[in-house]
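Visitor: This is start-v1.cif (mmCIF, C-alpha atoms and all ligand atoms).
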data_coords
loop_
_atom_site.label_atom_id
_atom_site.label_comp_id
_atom_site.auth_asym_id
_atom_site.auth_seq_id
_atom_site.Cartn_x
_atom_site.Cartn_y
_atom_site.Cartn_z
CA MET A 1 128.57 151.50 83.05
CA GLN A 2 125.66 150.81 80.72
CA LYS A 3 128.11 150.02 77.94
CA GLN A 4 130.15 147.67 80.08
CA ASN A 5 126.99 145.86 81.10
CA ARG A 6 126.08 145.22 77.48
CA PHE A 7 129.50 143.71 76.78
CA ASN A 8 129.05 141.37 79.71
CA LEU A 9 125.91 139.88 78.25
CA LEU A 10 127.38 137.44 75.71
CA PRO A 11 129.95 135.71 77.95
CA LEU A 12 127.24 135.46 80.60
CA LEU A 13 124.89 133.63 78.26
CA VAL A 14 127.64 131.33 77.00
CA ALA A 15 128.62 130.54 80.57
CA LEU A 16 125.01 129.84 81.50
CA ILE A 17 124.64 127.40 78.62
CA LEU A 18 127.88 125.60 79.55
CA VAL A 19 126.97 125.41 83.23
CA CYS A 20 123.56 123.98 82.52
CA THR A 21 124.30 121.37 79.83
CA SER A 22 124.66 118.73 82.50
CA CYS A 23 121.24 119.44 83.99
CA ILE A 24 119.25 118.55 80.89
CA ASN A 25 117.32 115.27 81.05
CA PRO A 26 118.76 114.36 84.45
CA GLN A 27 116.70 111.19 84.78
CA HIS A 28 118.36 109.59 81.77
CA ASP A 29 121.84 110.08 83.13
CA HIS A 30 122.10 107.48 85.87
CA GLY A 31 124.01 104.26 86.27
CA HIS A 32 127.50 105.35 85.23
CA ALA A 33 130.23 103.00 86.35
CA ASP A 34 132.33 105.80 87.80
CA HIS A 35 129.67 106.89 90.26
CA HIS A 36 131.02 105.86 93.65
CA HIS A 37 128.64 104.74 96.33
CA PRO A 38 129.82 103.77 99.77
CA VAL A 39 128.32 100.68 101.37
CA GLY A 40 124.76 101.34 102.47
CA ARG A 41 124.37 104.25 100.06
CA PRO A 42 123.06 102.44 97.04
CA VAL A 43 121.83 103.18 93.56
CA CYS A 44 118.36 101.93 92.61
CA GLY A 45 117.55 100.58 96.05
CA ARG A 46 121.02 99.34 96.76
CA GLY A 47 124.13 98.21 94.97
CA ASP A 48 124.64 97.66 91.29
CA PRO A 49 121.25 97.32 89.54
CA ASN A 50 122.69 94.38 87.62
CA LEU A 51 123.20 92.56 90.90
CA GLN A 52 119.57 93.05 91.91
CA PRO A 53 117.74 90.50 89.78
CA TYR A 54 114.33 91.44 91.14
CA LEU A 55 114.61 94.94 89.62
CA SER A 56 114.20 93.40 86.18
CA GLN A 57 110.87 91.95 87.34
CA ILE A 58 109.44 95.45 87.81
CA THR A 59 106.82 96.01 85.11
CA GLY A 60 104.56 98.60 86.78
CA SER A 61 104.66 101.93 84.97
CA ILE A 62 103.99 105.50 85.99
CA THR A 63 101.47 105.55 83.13
CA GLN A 64 99.24 103.28 85.30
CA LEU A 65 99.07 105.96 88.03
CA PRO A 66 97.17 107.06 89.92
CA LEU A 67 95.54 103.71 90.67
CA ALA A 68 91.77 103.53 90.24
CA GLU A 69 91.44 102.70 93.93
CA PRO A 70 94.03 104.14 96.33
CA LEU A 71 95.56 101.55 98.67
CA ALA A 72 95.40 101.43 102.45
CA HIS A 73 98.49 102.56 104.36
CA PRO A 74 100.54 99.55 105.53
CA HIS A 75 100.00 100.56 109.17
CA ALA A 76 98.35 103.28 111.26
CA TYR A 77 100.54 106.39 111.42
CA ASP A 78 100.58 109.64 113.34
CA ILE A 79 103.36 111.60 111.63
CA ILE A 80 104.77 111.79 108.12
CA GLY A 81 108.43 112.37 108.87
CA HIS A 82 109.88 112.72 105.39
CA THR A 83 108.66 112.53 101.81
CA ASN A 84 110.59 111.24 98.81
CA ALA A 85 111.70 114.83 98.14
CA SER A 86 113.27 115.53 101.56
CA TYR A 87 116.89 116.67 101.50
CA GLN A 88 119.04 114.38 103.63
CA TRP A 89 122.59 114.75 104.79
CA TYR A 90 124.10 112.70 107.60
CA GLY A 91 127.71 113.01 106.42
CA GLY A 92 128.88 111.52 103.14
CA GLU A 93 126.83 112.42 100.08
CA PRO A 94 123.57 114.38 100.38
CA TYR A 95 120.58 112.58 98.89
CA PHE A 96 116.84 112.68 98.31
CA HIS A 97 114.99 110.71 100.98
CA HIS A 98 113.32 108.78 98.08
CA GLY A 99 110.60 107.12 100.18
CA LEU A 100 107.86 107.95 102.68
CA ASP A 101 108.57 107.87 106.43
CA SER A 102 105.42 107.12 108.44
CA ARG A 103 105.82 107.19 112.21
CA THR A 104 103.91 104.67 114.27
CA THR A 105 104.33 102.61 117.42
CA ALA A 106 107.18 100.17 117.95
CA ASN A 107 106.14 96.64 116.95
CA ALA A 108 103.16 97.89 114.90
CA GLN A 109 102.14 95.27 112.36
CA VAL A 110 102.89 96.08 108.74
CA ARG A 111 100.42 94.77 106.18
CA THR A 112 100.82 94.75 102.44
CA PRO A 113 97.80 96.63 101.08
CA ILE A 114 97.96 94.72 97.81
CA ALA A 115 98.64 91.14 96.72
CA GLY A 116 102.11 90.36 95.46
CA THR A 117 105.26 88.29 95.72
CA VAL A 118 107.97 88.63 98.36
CA VAL A 119 111.12 88.99 96.24
CA ASN A 120 113.62 90.26 98.80
CA ILE A 121 114.56 90.03 102.46
CA GLU A 122 117.75 91.88 103.10
CA ASN A 123 119.87 93.49 105.79
CA TYR A 124 120.89 96.40 103.57
CA VAL A 125 123.02 98.11 106.24
CA PRO A 126 124.82 95.88 108.75
CA ASN A 127 122.62 96.83 111.69
CA GLU A 128 119.38 95.26 112.96
CA LEU A 129 117.47 98.51 112.25
CA TYR A 130 117.94 98.16 108.51
CA TRP A 131 116.05 95.14 107.26
CA GLU A 132 113.98 95.30 104.11
CA VAL A 133 111.05 93.23 102.93
CA GLY A 134 110.57 93.72 99.19
CA ILE A 135 107.33 92.85 97.44
CA ILE A 136 106.44 93.09 93.77
CA ASP A 137 102.72 93.76 93.70
CA GLU A 138 100.17 92.40 91.25
CA ASN A 139 100.56 95.55 89.12
CA GLY A 140 104.31 95.03 88.82
CA PHE A 141 105.49 97.73 91.26
CA LEU A 142 108.22 97.00 93.82
CA TRP A 143 107.46 97.98 97.42
CA GLN A 144 110.48 98.17 99.73
CA TYR A 145 109.45 98.19 103.39
CA HIS A 146 112.39 99.30 105.53
CA HIS A 147 112.94 99.03 109.29
CA ILE A 148 111.08 95.75 109.67
CA ASP A 149 112.09 93.69 112.71
CA VAL A 150 113.67 90.63 111.08
CA ASN A 151 112.40 88.38 113.88
CA SER A 152 108.83 89.42 113.12
CA ILE A 153 108.80 88.37 109.47
CA PRO A 154 106.31 85.46 109.25
CA ALA A 155 108.00 82.06 109.47
CA GLN A 156 106.70 80.80 106.13
CA ILE A 157 108.08 83.83 104.29
CA GLN A 158 111.45 83.45 106.07
CA GLU A 159 111.60 79.72 105.38
CA ASN A 160 110.82 80.14 101.70
CA TRP A 161 113.40 82.90 101.43
CA ASN A 162 116.07 80.79 103.08
CA GLN A 163 115.35 78.07 100.51
CA GLY A 164 115.68 80.54 97.66
CA LYS A 165 111.95 80.70 97.04
CA THR A 166 109.52 83.60 96.86
CA THR A 167 106.20 83.79 98.74
CA GLU A 168 102.84 84.93 97.45
CA VAL A 169 101.01 87.33 99.78
CA GLU A 170 97.43 88.56 99.73
CA ALA A 171 96.20 92.08 100.39
CA GLY A 172 96.08 92.59 104.15
CA ASP A 173 98.70 89.95 104.99
CA VAL A 174 101.12 90.84 107.77
CA ILE A 175 104.71 90.94 106.50
CA GLY A 176 106.38 91.87 109.78
CA SER A 177 106.40 94.57 112.42
CA VAL A 178 108.15 97.89 112.91
CA ILE A 179 111.43 97.72 114.79
CA ALA A 180 111.81 99.94 117.87
CA TRP A 181 113.75 103.00 116.67
CA PRO A 182 116.18 104.21 119.34
CA ILE A 183 116.48 107.80 118.05
CA ASN A 184 114.21 110.85 118.11
CA VAL A 185 114.44 114.13 116.23
CA SER A 186 115.62 117.04 118.35
CA PHE A 187 112.26 118.81 118.53
CA ASP A 188 110.20 115.74 119.46
CA PRO A 189 110.82 113.61 122.54
CA GLU A 190 109.03 110.60 121.04
CA PHE A 191 111.21 107.96 119.45
CA PHE A 192 110.83 107.85 115.70
CA HIS A 193 109.47 104.31 115.23
CA HIS A 194 108.59 104.22 111.54
CA THR A 195 108.58 102.50 108.22
CA HIS A 196 110.40 103.93 105.26
CA LEU A 197 108.48 102.89 102.16
CA ASN A 198 110.06 103.05 98.73
CA ILE A 199 108.06 102.20 95.62
CA LEU A 200 109.84 101.57 92.35
CA GLY A 201 108.31 101.33 88.90
CA ARG A 202 109.13 102.36 85.35
CA ASP A 203 108.95 105.84 83.87
CA GLU A 204 107.58 106.64 80.40
CA SER A 205 110.85 105.55 78.82
CA GLY A 206 110.91 102.23 80.68
CA GLU A 207 113.66 103.09 83.17
CA VAL A 208 113.31 101.89 86.76
CA VAL A 209 112.64 104.92 88.98
CA PHE A 210 111.60 105.72 92.52
CA LEU A 211 107.94 106.72 92.46
CA ASN A 212 106.17 108.82 95.05
CA PRO A 213 104.36 106.42 97.43
CA LEU A 214 101.67 109.08 97.90
CA LEU A 215 100.56 108.30 94.34
CA PHE A 216 99.51 104.82 95.56
CA LEU A 217 98.10 105.40 99.03
CA GLU A 218 94.86 106.72 100.43
CA PRO A 219 95.10 110.52 100.66
CA ILE A 220 96.59 111.93 103.84
CA GLU A 221 94.60 114.74 105.37
CA ASP A 222 96.78 117.84 105.04
CA PRO A 223 95.16 121.21 105.67
CA ILE A 224 98.49 123.03 106.00
CA ALA A 225 99.63 125.11 103.03
CA PRO A 226 103.29 125.10 102.00
CA LYS A 227 105.30 128.30 102.39
CA ILE A 228 107.80 130.23 100.31
CA VAL A 229 110.12 131.44 103.05
CA ASP A 230 112.86 133.30 101.22
CA ILE A 231 114.23 134.14 97.79
CA GLY A 232 117.58 135.38 96.56
CA PHE A 233 120.25 135.17 93.92
CA HIS A 234 123.16 132.78 94.17
CA GLN A 235 126.48 132.36 92.48
CA ASN A 236 128.52 129.20 93.03
CA ARG A 237 125.72 128.15 95.41
CA ALA A 238 126.26 131.13 97.76
CA GLU A 239 123.91 134.10 98.09
CA ILE A 240 124.91 137.27 96.26
CA THR A 241 123.63 140.84 95.97
CA ASN A 242 125.72 141.69 92.90
CA THR A 243 126.07 139.36 89.94
CA SER A 244 129.54 140.64 88.93
CA GLY A 245 128.43 139.74 85.42
CA ALA A 246 129.17 136.05 86.11
CA PRO A 247 126.72 133.12 85.85
CA TYR A 248 124.12 133.19 88.59
CA SER A 249 120.76 131.76 89.45
CA ILE A 250 117.85 132.26 91.83
CA PHE A 251 117.11 130.20 94.95
CA VAL A 252 113.96 129.84 97.00
CA GLU A 253 113.66 128.48 100.51
CA VAL A 254 110.48 126.42 100.74
CA GLU A 255 108.76 124.33 103.35
CA ASP A 256 105.64 122.31 103.95
CA VAL A 257 104.08 120.33 106.76
CA ILE A 258 101.85 117.31 106.14
CA THR A 259 101.16 116.21 109.69
CA GLU A 260 101.69 118.29 112.82
CA ARG A 261 103.17 116.92 116.01
CA THR A 262 100.90 119.05 118.15
CA ALA A 263 97.91 121.24 117.47
CA ASP A 264 100.06 124.22 118.42
CA HIS A 265 101.41 125.07 114.99
CA ASN A 266 104.40 127.37 114.52
CA ASN A 267 106.13 126.49 117.76
CA GLY A 268 109.12 124.95 116.03
CA ASP A 269 108.14 121.32 116.39
CA GLU A 270 106.91 120.71 112.88
CA TYR A 271 108.09 117.89 110.70
CA ILE A 272 109.08 120.15 107.82
CA VAL A 273 109.10 118.55 104.37
CA PRO A 274 109.61 120.05 100.91
CA PRO A 275 106.59 120.87 98.73
CA HIS A 276 105.59 118.33 96.08
CA LYS A 277 105.87 120.76 93.16
CA ILE A 278 107.86 123.93 92.52
CA SER A 279 107.33 126.12 89.47
CA TYR A 280 107.67 129.71 88.33
CA ARG A 281 106.71 132.16 85.63
CA LEU A 282 109.09 134.85 84.49
CA ASN A 283 107.56 138.00 83.05
CA GLY A 284 104.24 136.29 82.49
CA ALA A 285 105.73 133.58 80.25
CA GLU A 286 104.62 129.95 80.41
CA GLU A 287 104.92 128.09 83.71
CA VAL A 288 108.28 126.37 84.14
CA VAL A 289 108.10 123.33 86.42
CA VAL A 290 111.38 123.07 88.35
CA TRP A 291 110.34 119.64 89.62
CA GLU A 292 107.25 117.69 90.58
CA PHE A 293 108.12 114.82 92.90
CA ASN A 294 106.07 112.07 91.28
CA THR A 295 109.55 110.75 90.47
CA LEU A 296 113.01 111.74 91.67
CA PRO A 297 115.32 113.90 89.54
CA GLY A 298 117.82 111.02 89.52
CA GLY A 299 115.32 108.31 88.60
CA CYS A 300 116.47 105.37 90.70
CA ASP A 301 119.68 107.10 91.86
CA PHE A 302 118.66 109.09 94.92
CA GLU A 303 121.97 110.90 95.24
CA GLN A 304 122.02 112.19 91.70
CA ASP A 305 121.31 115.92 91.40
CA ALA A 306 120.53 116.28 95.13
CA THR A 307 123.11 119.08 95.34
CA ASP A 308 122.03 120.53 92.00
CA PHE A 309 118.40 120.75 93.09
CA TYR A 310 119.17 121.87 96.66
CA LEU A 311 121.82 124.38 97.71
CA GLU A 312 123.96 122.20 99.93
CA SER A 313 125.53 125.09 101.85
CA GLN A 314 122.14 126.45 102.91
CA SER A 315 120.06 123.27 103.24
CA CYS A 316 119.97 120.68 105.97
CA GLY A 317 118.13 117.44 106.63
CA ASP A 318 118.98 115.32 109.66
CA TYR A 319 117.73 114.68 113.20
CA ASP A 320 118.34 118.30 114.24
CA CYS A 321 117.74 120.50 111.23
CA ARG A 322 115.45 120.76 108.22
CA ARG A 323 115.86 123.52 105.67
CA PHE A 324 115.14 123.25 101.97
CA VAL A 325 116.77 125.80 99.68
CA VAL A 326 116.10 125.01 96.03
CA ASP A 327 117.85 126.26 92.89
CA LEU A 328 115.04 127.65 90.78
CA GLY A 329 117.29 127.23 87.73
CA TYR A 330 117.60 123.47 88.30
CA GLY A 331 117.27 121.53 85.05
CA GLN A 332 116.69 124.62 82.90
CA ASP A 333 118.67 125.83 79.94
CA GLY A 334 119.56 129.19 81.38
CA SER A 335 116.44 131.08 80.39
CA ALA A 336 115.37 131.12 84.03
CA TYR A 337 117.97 133.72 84.83
CA PRO A 338 116.86 137.28 84.29
CA LEU A 339 119.48 139.58 82.87
CA SER A 340 119.84 143.27 83.49
CA GLY A 341 116.65 145.28 83.83
CA GLU A 342 113.36 144.81 85.60
CA HIS A 343 111.52 141.50 85.77
CA VAL A 344 108.54 139.93 87.44
CA LEU A 345 108.99 136.48 88.87
CA ALA A 346 106.01 134.51 90.20
CA VAL A 347 106.98 131.44 92.24
CA SER A 348 104.43 128.71 92.92
CA ILE A 349 104.67 125.74 95.24
CA ALA A 350 102.13 123.02 96.00
CA ASP A 351 101.93 120.13 98.43
CA PHE A 352 100.62 116.72 97.38
CA ALA A 353 97.17 117.53 98.75
CA GLY A 354 96.98 120.56 96.44
CA ASN A 355 97.50 123.38 98.97
CA THR A 356 99.60 126.13 97.41
CA ASP A 357 101.64 129.24 98.06
CA GLU A 358 102.41 131.73 95.34
CA ARG A 359 104.42 134.91 95.56
CA THR A 360 105.28 137.50 93.00
CA TYR A 361 108.58 139.32 93.13
CA SER A 362 109.96 142.29 91.32
CA LEU A 363 113.61 141.65 90.38
CA THR A 364 115.86 144.43 89.22
CA ILE A 365 119.47 144.19 88.12
CA ASP A 366 120.89 147.66 87.60
CA GLY A 367 123.70 148.83 85.32
CA GLU A 368 126.29 147.93 87.95
CA ASN A 369 124.92 144.40 88.36
CA ASN A 370 123.39 145.16 91.75
CA ILE A 371 120.35 143.04 92.53
CA PHE A 372 117.13 144.37 94.04
CA ILE A 373 114.25 142.12 95.04
CA ASP A 374 110.85 143.40 96.13
CA LEU A 375 108.66 140.85 97.86
CA ASN A 376 104.99 140.28 97.18
CA ILE A 377 104.42 143.14 94.83
CA PRO A 378 100.75 143.31 93.89
CA LEU A 379 101.16 142.42 90.24
CA THR A 380 99.30 139.80 88.26
CA TYR A 381 100.32 137.93 85.15
CA SER A 382 98.00 140.09 83.08
CA ASN A 383 99.71 143.39 83.88
CA SER A 384 103.22 141.94 84.01
CA GLN A 385 103.27 141.91 80.20
CA PHE A 386 104.35 145.56 80.28
CA LEU A 387 107.71 144.59 81.71
CA PRO A 388 110.59 143.48 79.49
CA VAL A 389 110.80 139.81 78.57
CA VAL A 390 114.15 138.07 78.79
CA SER A 391 115.46 136.86 75.45
CA ASN A 392 116.37 133.22 75.08
CA GLN A 393 118.91 134.12 72.39
CA CA B 401 100.92 120.64 103.51
ZN ZN B 402 113.29 107.14 105.81
#
Starting from the file, give its structure as structure tokens.
Ligand SMILES: [Ca+2]
Ligand SMILES: [Zn+2]

Guide:
Amino acid sequence: MQKQNRFNLLPLLVALILVCTSCINPQHDHGHADHHHPVGRPVCGRGDPNLQPYLSQITGSITQLPLAEPLAHPHAYDIIGHTNASYQWYGGEPYFHHGLDSRTTANAQVRTPIAGTVVNIENYVPNELYWEVGIIDENGFLWQYHHIDVNSIPAQIQENWNQGKTTEVEAGDVIGSVIAWPINVSFDPEFFHHTHLNILGRDESGEVVFLNPLLFLEPIEDPIAPKIVDIGFHQNRAEITNTSGAPYSIFVEVEDVITERTADHNNGDEYIVPPHKISYRLNGAEEVVVWEFNTLPGGCDFEQDATDFYLESQSCGDYDCRRFVVDLGYGQDGSAYPLSGEHVLAVSIADFAGNTDERTYSLTIDGENNIFIDLNIPLTYSNSQFLPVVSNQ
């Protein structure tokens, strides 16, 4: 059995390298012509980027962040419903939520916290709930405010827009009000009146990307630490307890809460969101960041890599269900996958406010490819050096 295991090693590594070639540099791989997007499920905001002339006016860069002075939230809020990282699936293609959902009252006034130019008013899904007001701010970032009541957009802005003209707005100007949302999530009887705020800017290489709105806004009080809920091995995106010598990876189920619906935590009514950052260390080696949601894995394509980052079969994100199961091997070259033997894996997650959870696991793959995972073993990085280190070949 030991001998057979050794023979399995080479094809396993080759397979891992082949499987993972497509995950390298995911953010530079968007905008292919063959990527099909149904109506209302756009790339880079919506539609073909070439048909969105205002995208070329975006000059704000992630290198300017965080801003020296954080900006006020566009309206008072009581709940953060989703972050840019949230897994979403309502039929069709799963996607990253890509913006910040802030719940408020119906008809609440929305104010731009920064001066800018109104460059878009658009009914991006043929339904009165889905109007956008788009503003390029004085730093060159594009703010897309969704779920604005079209009838509430100030007359001068509307009139200019109808004449093909933009409108300059000052910090604090009202740009419209929140439309009454007729739907609530299953665990909360209150209707989910909210804005969905996307902010787009350029990454270090100059590509237009969705940026995390939390990088711009006044900090949200969040005393609740994220949680690592579960860990396991998966093969073809399904959990396994024996690797069969075939390519496999590790998943973690993670969750965070930013704002609670009630003071009674843990009664199943939390607005669960993913953590902001997920990373790990294998056998005491350097920290590997799986992703930090300052940007999206797909840059300005919020569908791209959603089902590579999340395990679709085990994750959910809709009005009834929230569960975030992440492939720890996402975007890596295969070295994340321990081979036979004993290993120590430390997983770390953090929310945007800096609260963390970290757990250390002992992983063993025996001579017959059976997997054993021990939770929360009391090891530290300093004594983990006595365990074997996986070769990168
Ligand atoms: Ca939190
Ligand atoms: Zn939203």

Visitor: Which of these residues is nearest to ligand ZN 402 (chain B), using only C-alpha atoms and all ligand atoms: A:Gln57, A:His73, A:Leu65, A:Gly317?

Guide: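 Residue with the minimum atom-to-atom distance to ligand ZN 402 (chain B): A:Gly317.
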
Visitor: For a quick check of understanding, using all atoms listed in the file, which of A:Ser56, A:Thr295, A:Asn139, A:Ser313 has the smallest distance to A:Leu215?

Guide: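 Distance minimum relative to A:Leu215 lands on A:Thr295.
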
Visitor: Out of A:Ile371, A:Ala72, A:Ala108, A:Leu363, which residue has the shortest atom-to-atom distance to A:Asn242 when counting all atoms listed in the file?

Guide: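 The shortest atom-to-atom distance to A:Asn242 comes from A:Ile371.
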
Visitor: Got a sec to check which residues lie within 8 Å of ligand ZN 402 (chain B), using only C-alpha atoms and all ligand atoms, and send them as an mmCIF file with C-alpha atoms, in the frame of the given file?

Guide:
data_model
loop_
_atom_site.group_PDB
_atom_site.id
_atom_site.type_symbol
_atom_site.label_atom_id
_atom_site.label_comp_id
_atom_site.auth_asym_id
_atom_site.auth_seq_id
_atom_site.Cartn_x
_atom_site.Cartn_y
_atom_site.Cartn_z
ATOM 1 C CA GLY A 81 108.430 112.370 108.870
ATOM 2 C CA HIS A 82 109.880 112.720 105.390
ATOM 3 C CA HIS A 97 114.990 110.710 100.980
ATOM 4 C CA HIS A 98 113.320 108.780 98.080
ATOM 5 C CA GLY A 99 110.600 107.120 100.180
ATOM 6 C CA LEU A 100 107.860 107.950 102.680
ATOM 7 C CA ASP A 101 108.570 107.870 106.430
ATOM 8 C CA HIS A 146 112.390 99.300 105.530
ATOM 9 C CA HIS A 194 108.590 104.220 111.540
ATOM 10 C CA THR A 195 108.580 102.500 108.220
ATOM 11 C CA HIS A 196 110.400 103.930 105.260
ATOM 12 C CA LEU A 197 108.480 102.890 102.160
#

Visitor: Measuring between all atoms listed in the file, which one of A:Ala180, A:Ala68, A:Val326, A:Ile80 shows the shortest distance to A:Tyr310?

Guide: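 Of A:Ala180, A:Ala68, A:Val326, A:Ile80, the one nearest A:Tyr310, counting all atoms listed in the file, is A:Val326.
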
Visitor: Got a sec: who's within 8 Å of A:Asp149, counting only C-alpha atoms, leaving out chain neighbours fewer than 3 positions off, as a list in words?

Guide: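 Counting only C-alpha atoms, the residues come to Asn107, Glu128, Leu129, Trp131, Ser152, Ile153, Gly176, Ser177, Val178 and Ile179 of chain A.
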
Visitor: In Å, how far is it from atom CA of A:Phe233 to atom CA of A:Asn369?

Guide: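 We find that atom CA of A:Phe233 and atom CA of A:Asn369 lie 11.7 Å from each other.
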
Visitor: Hey, which residues sit close to ligand CA 401 (chain B)? Say within 6 Å, counting only C-alpha atoms and all ligand atoms, and write them as a list in words.

Guide: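 The distance check yields Asp222, Ile224, Ala225, Pro226, Asp256, Val257, Ile258 and Asp351 of chain A.
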
Visitor: Keeping only C-alpha atoms, take the residues you just selected and write them out as an mmCIF file, in the coordinates of the input.

Guide:
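Final file, out-v8.cif:
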data_model
loop_
_atom_site.group_PDB
_atom_site.id
_atom_site.type_symbol
_atom_site.label_atom_id
_atom_site.label_comp_id
_atom_site.auth_asym_id
_atom_site.auth_seq_id
_atom_site.Cartn_x
_atom_site.Cartn_y
_atom_site.Cartn_z
ATOM 1 C CA ASP A 222 96.780 117.840 105.040
ATOM 2 C CA ILE A 224 98.490 123.030 106.000
ATOM 3 C CA ALA A 225 99.630 125.110 103.030
ATOM 4 C CA PRO A 226 103.290 125.100 102.000
ATOM 5 C CA ASP A 256 105.640 122.310 103.950
ATOM 6 C CA VAL A 257 104.080 120.330 106.760
ATOM 7 C CA ILE A 258 101.850 117.310 106.140
ATOM 8 C CA ASP A 351 101.930 120.130 98.430
#

Visitor: Can you tell me how far atom CA of A:Glu168 sits from atom CA of A:Pro74, in Å to one decimal?

Guide: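 Computing the Euclidean distance for atom CA of A:Glu168 and atom CA of A:Pro74 yields 16.9 Å.
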
Visitor: Leaving out A:Cys321 and any residue of its chain fewer than 4 positions from it, which residues lie within 12 Å of it when counting all atoms listed in the file, given as a PyMOL selection string?

Guide: chain A and resi 86-90+185-187+268-273+314-317

Visitor: What is the atom CA of A:Tyr54 to atom CA of A:Val119 distance in Å?

Guide: 6.5 Å

Visitor: Which residues, written as number ranges by chain, have at least one atom at most 9 Å from A:Phe192, with all atoms listed in the file counted and residues fewer than 4 positions away on the same chain left out?

Guide: A: 81, 103-106, 180-185, 188

Visitor: Would you pick out the contacts of A:Gln158 at 12 Å or less, using all atoms listed in the file, so that residues sharing its chain but fewer than 6 positions from it are not included, and give the list as JSON, numbers by chain?

Guide: {"A": [118, 119, 120, 121, 122, 133, 150, 151, 152, 164, 165, 166, 167, 175, 176]}

Visitor: Fewer than 5 positions away in the same chain doesn't count, so skip those; otherwise give me all residues within 12 Å of A:Val254, counting only C-alpha atoms, as a PyMOL selection string.

Guide: chain A and resi 85-87+225-231+272-279+310-311+314-315+322-328+347-351+356-359

Visitor: Could you write out that same residue set with C-alpha atoms as a compact mmCIF listing (two decimals), in the coordinates of the input?

Guide:
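Listing of again-v1.txt after writing:
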# COMPACT_ATOMS: atom_id res chain seq x y z
CA ALA A 85 111.70 114.83 98.14
CA SER A 86 113.27 115.53 101.56
CA TYR A 87 116.89 116.67 101.50
CA ALA A 225 99.63 125.11 103.03
CA PRO A 226 103.29 125.10 102.00
CA LYS A 227 105.30 128.30 102.39
CA ILE A 228 107.80 130.23 100.31
CA VAL A 229 110.12 131.44 103.05
CA ASP A 230 112.86 133.30 101.22
CA ILE A 231 114.23 134.14 97.79
CA ILE A 272 109.08 120.15 107.82
CA VAL A 273 109.10 118.55 104.37
CA PRO A 274 109.61 120.05 100.91
CA PRO A 275 106.59 120.87 98.73
CA HIS A 276 105.59 118.33 96.08
CA LYS A 277 105.87 120.76 93.16
CA ILE A 278 107.86 123.93 92.52
CA SER A 279 107.33 126.12 89.47
CA TYR A 310 119.17 121.87 96.66
CA LEU A 311 121.82 124.38 97.71
CA GLN A 314 122.14 126.45 102.91
CA SER A 315 120.06 123.27 103.24
CA ARG A 322 115.45 120.76 108.22
CA ARG A 323 115.86 123.52 105.67
CA PHE A 324 115.14 123.25 101.97
CA VAL A 325 116.77 125.80 99.68
CA VAL A 326 116.10 125.01 96.03
CA ASP A 327 117.85 126.26 92.89
CA LEU A 328 115.04 127.65 90.78
CA VAL A 347 106.98 131.44 92.24
CA SER A 348 104.43 128.71 92.92
CA ILE A 349 104.67 125.74 95.24
CA ALA A 350 102.13 123.02 96.00
CA ASP A 351 101.93 120.13 98.43
CA THR A 356 99.60 126.13 97.41
CA ASP A 357 101.64 129.24 98.06
CA GLU A 358 102.41 131.73 95.34
CA ARG A 359 104.42 134.91 95.56

Visitor: Find the residue from A:Trp161, A:Phe251, A:Asn370, A:Asp308 that sits nearest to A:Tyr280; use only C-alpha atoms when measuring.

Guide: A:Phe251

Visitor: Identify which of the residues A:Asp78, A:Glu207, A:Glu221, A:Glu93 lies closest to A:Glu312, counting only C-alpha atoms when measuring atom-to-atom distances.

Guide: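 Of the candidates, the smallest distance to A:Glu312 is held by A:Glu93.
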
Visitor: Could I get stretch 319-327 of chain A rebuilt with N, CA and C atoms, written as a PDB file, in the coordinates of the input?

Guide:
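Result saved to selection14.pdb:
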ATOM      1  N   TYR A 319     118.564 114.770 111.994  1.00  0.00           N
ATOM      2  CA  TYR A 319     117.730 114.680 113.200  1.00  0.00           C
ATOM      3  C   TYR A 319     117.560 116.026 113.915  1.00  0.00           C
ATOM      4  N   ASP A 320     118.391 117.016 113.534  1.00  0.00           N
ATOM      5  CA  ASP A 320     118.340 118.300 114.240  1.00  0.00           C
ATOM      6  C   ASP A 320     117.818 119.444 113.381  1.00  0.00           C
ATOM      7  N   CYS A 321     117.899 119.323 112.102  1.00  0.00           N
ATOM      8  CA  CYS A 321     117.740 120.500 111.230  1.00  0.00           C
ATOM      9  C   CYS A 321     117.056 120.110 109.927  1.00  0.00           C
ATOM     10  N   ARG A 322     116.101 120.940 109.513  1.00  0.00           N
ATOM     11  CA  ARG A 322     115.450 120.760 108.220  1.00  0.00           C
ATOM     12  C   ARG A 322     115.343 122.124 107.554  1.00  0.00           C
ATOM     13  N   ARG A 323     115.984 122.288 106.436  1.00  0.00           N
ATOM     14  CA  ARG A 323     115.860 123.520 105.670  1.00  0.00           C
ATOM     15  C   ARG A 323     116.052 123.188 104.195  1.00  0.00           C
ATOM     16  N   PHE A 324     115.132 123.647 103.374  1.00  0.00           N
ATOM     17  CA  PHE A 324     115.140 123.250 101.970  1.00  0.00           C
ATOM     18  C   PHE A 324     115.286 124.479 101.081  1.00  0.00           C
ATOM     19  N   VAL A 325     116.477 124.667 100.551  1.00  0.00           N
ATOM     20  CA  VAL A 325     116.770 125.800  99.680  1.00  0.00           C
ATOM     21  C   VAL A 325     117.031 125.251  98.278  1.00  0.00           C
ATOM     22  N   VAL A 326     116.153 125.629  97.370  1.00  0.00           N
ATOM     23  CA  VAL A 326     116.100 125.010  96.030  1.00  0.00           C
ATOM     24  C   VAL A 326     116.617 125.984  94.981  1.00  0.00           C
ATOM     25  N   ASP A 327     117.402 125.474  94.042  1.00  0.00           N
ATOM     26  CA  ASP A 327     117.850 126.260  92.890  1.00  0.00           C
ATOM     27  C   ASP A 327     116.714 126.317  91.877  1.00  0.00           C
TER      28      ASP A 327
END
